[in-house]
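Chemist: First, the structure itself, so that you have it in front of you.
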Amino acid sequence: MINLALLIPKAVVQGIPLLYGSTGEILTEKSGNLNLGIPGVMYVGAISGVIGAFFYEQGLSKSGAQPNGFLAIMIPMLCCLLGSLLMGLLYCFLTVTLRANQNVTGLAMTTFGVGFGNFFGGSLIKISGADVPSIALSVTSKYFSASLPFADKLGWFGSIFLSYGFLAYLAILIAVFAAIVLKRTRTGLHLRAVGENPATADSAGINVTMFKYGATCIGCMIAGLGGLYYVMDYACGVWSNDAFGDRGWLAIALVIFTIWKPDIAVFASILFGGLYIVYLYIPTGMEHMELQQLYKMIPYVVTLIVLVITSMRNKREDQPPASLGLPYFREER
Amino acid sequence: MKDRIPAVKLQNISKHFGPVAANSHVNMDIFRGEILSLLGENGSGKTTLMNMLSGIYYPDEGEIFVDGNPVTIASPRDAFDLGIGMVHQHFKLVDVLTAAENIVLGLDGKLDIKNATKKIREICDKYGFEVDPAQKIYDMSVSQKQTVEIVKVLYRGAEILILDEPTAVLTPQETEKLFAVLRKMKEDNKAIVIITHKMHEVESLSDRVAVLRKGEYIGDMITKETNAEEMTNMMVGRKVSLNIKRPDPVNPKDRIRVRDLTVRSEDGVIKLDNINFTARSGEILGIAGISGCGQKELLEAIAGLQPVETGSIEYVEDDGSYEQLIGKDPKKIRDMGVSLSFVPEDRLGMGLVGNMDLVENMMLRSFENGSSPFTDRKAPYELAKNVVEELDVVTPGISTPVRRLSGGNVQKVLVGREIASAPKVLLTAYAVRGLDINSSYTIYDLINKQKEAGVAVIFVGEDLDVLMELSDRILVLCGGKVSGIVDGRTADRAQIGLMMTRVGGSK
C-alpha cells in the first residue's frame, strides 16, 4: 500500500511547477494565444532567477556580508519575472503585432528558451569553477524552501499541508485568483470574449491587442515562477542543464485536462504531479524495468483520455477558446 | 427638410483598401425620426461606410458630424459614446456567453449581471422583444441572436442605429416583427439606417433611400416618390429589367425521385423525416424553409455526401430506367450529371479554396481528367476566363486568390463552375445569398437557361418572393418534414410563410 502522507507532499512539490505553467498558459489561451513556448519560458524564468541568485551569492561571499532574507527572495524573483516577461513580450510582438504563426513562434521559443537556459547555466557553472556540472545556490535556496517552523511537529497534517515553501502557496493563490478573475469580473469576461471572438470583442469596444499582450505577458510571468520554484525550492537551488525536463509540456497538457479552468488546475496539477512520479512507487522488480517506462506515460495517457471525453461530450463551454491560435486583424477583408 | 440638423453628417468620406477605393468622397445625411435605406450593389461600399460610423474602420479622408459637431470615431467605443450602434450582418456575439454577458460586453464598471438583466428586461418590455438574458448564444435561433444584437445596441443608449442586412436570415413573420420594432424606434425619434437588398422591404419600411455605386454616393430619394425600377437603375447605373422570367417547362420528365428519405445527423438528431418528392427535367423546384430545416442535408443526400438512414433516391433516365443514388460514391453521382453548388453562410466554406486562384479552383473539378501524370491547366484556364467574362466577375486577374474577391464575385465563380459542367441535375443552395440585385438577376438568368436546356433544377432559396417568381413548384420544408408542395404560379406568400413554421401550414 502506498503511504499517502508520504506520496501527497511529493506529488504537490511535483505539481507546483505544473500549476504555475498551466495557470499561465490558461490565461494566455483565454486571450486566444496558443503559447507553445511555455516550456521555454519556464526555462528562461528558472535560469533568470538562478542568474540573479548566483550573483547575489557571489556578492555576498566577496563582501562577507550576512544574507538578507528579503533580498535573497526578491532578487531571484524579480530576475525571473523580468526574464519571463521579456519572453512574453517577444511572443506577443511576433504573433500579435506581426501576426506570425503562433505554433511556429511558440515552438521556436521553446527551443530558444531551453537553449538559453542551458547556455547561461553552462556559463555559470564555468564561472563558479565547480567540478560537477551543476551550481548549488544553497544560501538563497534556503529562503525559498523554508516552511513554517512548527510544520513538522503536526504529524501527517503538517506534512501534507504545511511542509512547503512560500512559492507553493503562492501558486495556489494565483490559480484561485485567476479563476475568480476569469469567472466573476468584467476583465475576465472581456478576456474570454477576446479569446472566443476577437472581432466581437473589438466591436464591443474592447482593446484586443492590449488584452492579448496583457494576458500573455502575465501568463508568461506566472509560468516563469514555475521554473523558479523548480530550481530554488524543489531542486534546493541546484541548477543542472536539462534537469527541468518535459514539465513544460506537461503543463500545457494540464491546460487541456483542466478544460481551461485554473481552479481545477490546483487539484489536477497535484494529480499530475503524483502521476509523474508514481512509477517510483510501484514496485516493478529489477527484471521488469520496462514497466517503469510505461508508468511514466500515465500523465500523457490521462490527457489523451480527457481529450477524447471532452471532444465526445462536445459541450460548448468545455471547448478551447474559439479563436485559439488565430491572429486577429481588424481590417482583414 | 433642409432646415433639420442631421443626426449624422458624413462629409467627403473616403476609404481605401490597398489600391481599391471602397468609398470615395461620400457625402450623406442621417436624420432622427427617419428610417433610411442604404442601397448599393455588392462591393459598393455600404458596409465599409457604416463600419466607419461604428468605429471598425477609420476613414482615410473626410469629416463626420454628429448633431452638428465634428467628431472623431477612432474605435467602436467612440461610436457608443456618440450614441451610434451597429448590428452587423455577421453577428458579433460570443457563442459561449449568455445574452446578458454579451450585452454588457465592453462596458466599464463592476460586473453586475443581476442589474443588467433588469435593465435588459426593461428594454425588452418597451419595444416588445423576447430575450432570455440567461440563455447561451449557441442555443439561440438566428432571429433570437439578432434580437440580442439589437438589445445590445439599445442597452448602450444608442440613438443612431445601423442594421446591416438584418432580414437576410429571417422568415417573413420574423421580418414583420423586426420592422414593427424599427417603426417603434423611429417614433422614439431615433435615427435608423438599414442596409438591404430586398426592394419590397425598402418600399414598405423606409422613409428615404440613399444609393451608393462603386463607392460613390449617387443620391437620395424619398421612398414614396420612387419605385424599385428607379432605385435599381440608380444602383446599377443603367437600365435593368426587374422581371424574373418563368418559361413554362418543356416536356418535363421525372429526373430525381425521392421516397421516404430519412436522414439523421451525427449526434442522432433527425434532420430529414420521411421526405417524398420528384424533381423533373426542365423545371425549377424551389425549396423554402427557415434555415437549418434540412435543406443542406437534403441536397447533400442527393449528392451522396450525407449518409442516409432509410429511403431511396432514384435518378431516372429519359427512357424511364432508373438507378439508385444512395450508397453511390459522390464522385460517381457527379459523373452521372448531378451537380451541387452550395453557398454556405461564409461563402467559402464549401466548394472553393480561398487561397487558390480562379484557375486552380476550376481545376478542383477536372484535375482527374486526362491520362498524363501532369494536370491539364489549359482547359480550366479557358473555363475561368469564360466565367469571368460571362458573369462579369470583378477580379484583378484570373490568378488572384478567390479569398480576395468580394462575396458576390466568389459566388459567381462557384455557380459558374457548376453550371459549366453541363449537369443533368443542378442542386443549388443560397446561390444569391448576400448578392445585390443585379448579380442576383444574372444568376437567375443562368439558372433559367439551365432549365430551358432541360436540366432539373433544385433551388434552395431564402427570399420567398424570388422563390415564388422563379420556381415552377415550391417544396416547403419545416423541421425536416415536407410541409407541402405548392405551385409557384399560384402560391400565396402568407400561406408559405405559415407552412415554414408549421407542418401543413394550419394555424
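We label chains A, B, ... in the order they appear in the C-alpha cells, count residues from 1 in each chain, and number ligands from 1 in the order shown.
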Skipping near chain neighbours, those fewer than 6 positions away, what residues fall within 8 Å of B:Leu212 using only C-alpha atoms, listed as a PyMOL selection string?
Modeler: chain B and resi 38-41+44-46+218-219+235
Chemist: Check stretch 14-245 of chain B with DSSP on the backbone and list each residue it calls alpha helix (DSSP H), as a ChimeraX atom specification.
Modeler: /B:46-53,76-81,99-104,113-127,142-155,172-187,199-205,228-236
Chemist: For the atom pair atom CA of B:Lys224 and atom CA of B:Met468, what is the interatomic distance in Å to one decimal place?
Modeler: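 If I compute the distance from atom CA of B:Lys224 to atom CA of B:Met468, I get 25.2 Å.
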Chemist: If you count only C-alpha atoms, which residues fall within 6 Å of stretch 476-491 of chain B, apart from same-chain ones fewer than 4 positions away, as JSON, numbers by chain?
Modeler: {"B": [271, 272, 273, 287, 288, 289, 293, 294, 468, 471, 472, 499, 500, 503, 504]}
Chemist: Would you put the residues from that selection into a file with C-alpha atoms, as a PDB file, in the first residue's frame?
Modeler:
```pdb
ATOM      1  CA  LYS B 271     -32.657  16.175 -39.943  1.00  0.00           C
ATOM      2  CA  LEU B 272     -34.964  14.867 -42.667  1.00  0.00           C
ATOM      3  CA  ASP B 273     -38.104  12.999 -41.789  1.00  0.00           C
ATOM      4  CA  ILE B 287     -37.239  24.728 -51.678  1.00  0.00           C
ATOM      5  CA  ALA B 288     -38.413  27.115 -48.996  1.00  0.00           C
ATOM      6  CA  GLY B 289     -37.904  26.860 -45.279  1.00  0.00           C
ATOM      7  CA  CYS B 293     -34.613  22.862 -41.598  1.00  0.00           C
ATOM      8  CA  GLY B 294     -32.872  20.151 -43.550  1.00  0.00           C
ATOM      9  CA  MET B 468     -42.331  32.480 -55.889  1.00  0.00           C
ATOM     10  CA  SER B 471     -39.858  28.262 -59.232  1.00  0.00           C
ATOM     11  CA  ASP B 472     -42.375  26.132 -61.061  1.00  0.00           C
ATOM     12  CA  MET B 499     -46.076  26.388 -43.839  1.00  0.00           C
ATOM     13  CA  MET B 500     -42.485  27.252 -42.995  1.00  0.00           C
ATOM     14  CA  VAL B 503     -46.156  21.463 -40.942  1.00  0.00           C
ATOM     15  CA  GLY B 504     -49.126  21.779 -43.268  1.00  0.00           C
TER      16      GLY B 504
END
```
Chemist: Please return, as a count of residues only, all residues of chain B lying within 10 Å of chain A when only C-alpha atoms are considered.
Modeler: 46
Chemist: Tell me which protein, DNA and RNA residues are within 9 Å of stretch 120-123 of chain A, counting only C-alpha atoms, leaving out same-chain ones fewer than 4 positions away, and put them as a list in words.
Modeler: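 Everything that qualifies: Ile47, Ser48, Val50, Ile51, Gly115, Phe116, Ile127, Ser128, Pro133, Ser134, Ile135, Trp239, Ser240 and Asn241 of chain A.
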Chemist: Would you save the residues from that selection as a PDB file, in the first residue's frame, using C-alpha atoms?
Modeler:
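selection22.pdb written:
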```
ATOM      1  CA  ILE A  47      17.735  30.474 -15.329  1.00  0.00           C
ATOM      2  CA  SER A  48      16.968  34.194 -14.871  1.00  0.00           C
ATOM      3  CA  VAL A  50      19.387  31.427 -10.967  1.00  0.00           C
ATOM      4  CA  ILE A  51      21.493  34.195 -12.512  1.00  0.00           C
ATOM      5  CA  GLY A 115      18.998  26.633 -25.275  1.00  0.00           C
ATOM      6  CA  PHE A 116      19.113  29.961 -23.436  1.00  0.00           C
ATOM      7  CA  ILE A 127      32.349  30.837 -13.674  1.00  0.00           C
ATOM      8  CA  SER A 128      31.788  29.037 -10.402  1.00  0.00           C
ATOM      9  CA  PRO A 133      28.164  20.022 -13.955  1.00  0.00           C
ATOM     10  CA  SER A 134      25.789  21.953 -11.698  1.00  0.00           C
ATOM     11  CA  ILE A 135      25.623  25.020  -9.479  1.00  0.00           C
ATOM     12  CA  TRP A 239      20.806  24.020 -11.404  1.00  0.00           C
ATOM     13  CA  SER A 240      21.985  21.420 -13.848  1.00  0.00           C
ATOM     14  CA  ASN A 241      21.276  21.616 -17.547  1.00  0.00           C
TER      15      ASN A 241
END
```
Chemist: Residues at most 9 Å from A:Thr105, counting only C-alpha atoms, excluding those fewer than 5 positions away in the same chain, as a list of chain:residue names?
Modeler: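 Neighbouring residues, sequence-local ones excluded: A:Asn35, A:Leu36, A:Gly37, A:Tyr91, A:Leu94, A:Thr95, A:Ala100, A:Thr110.
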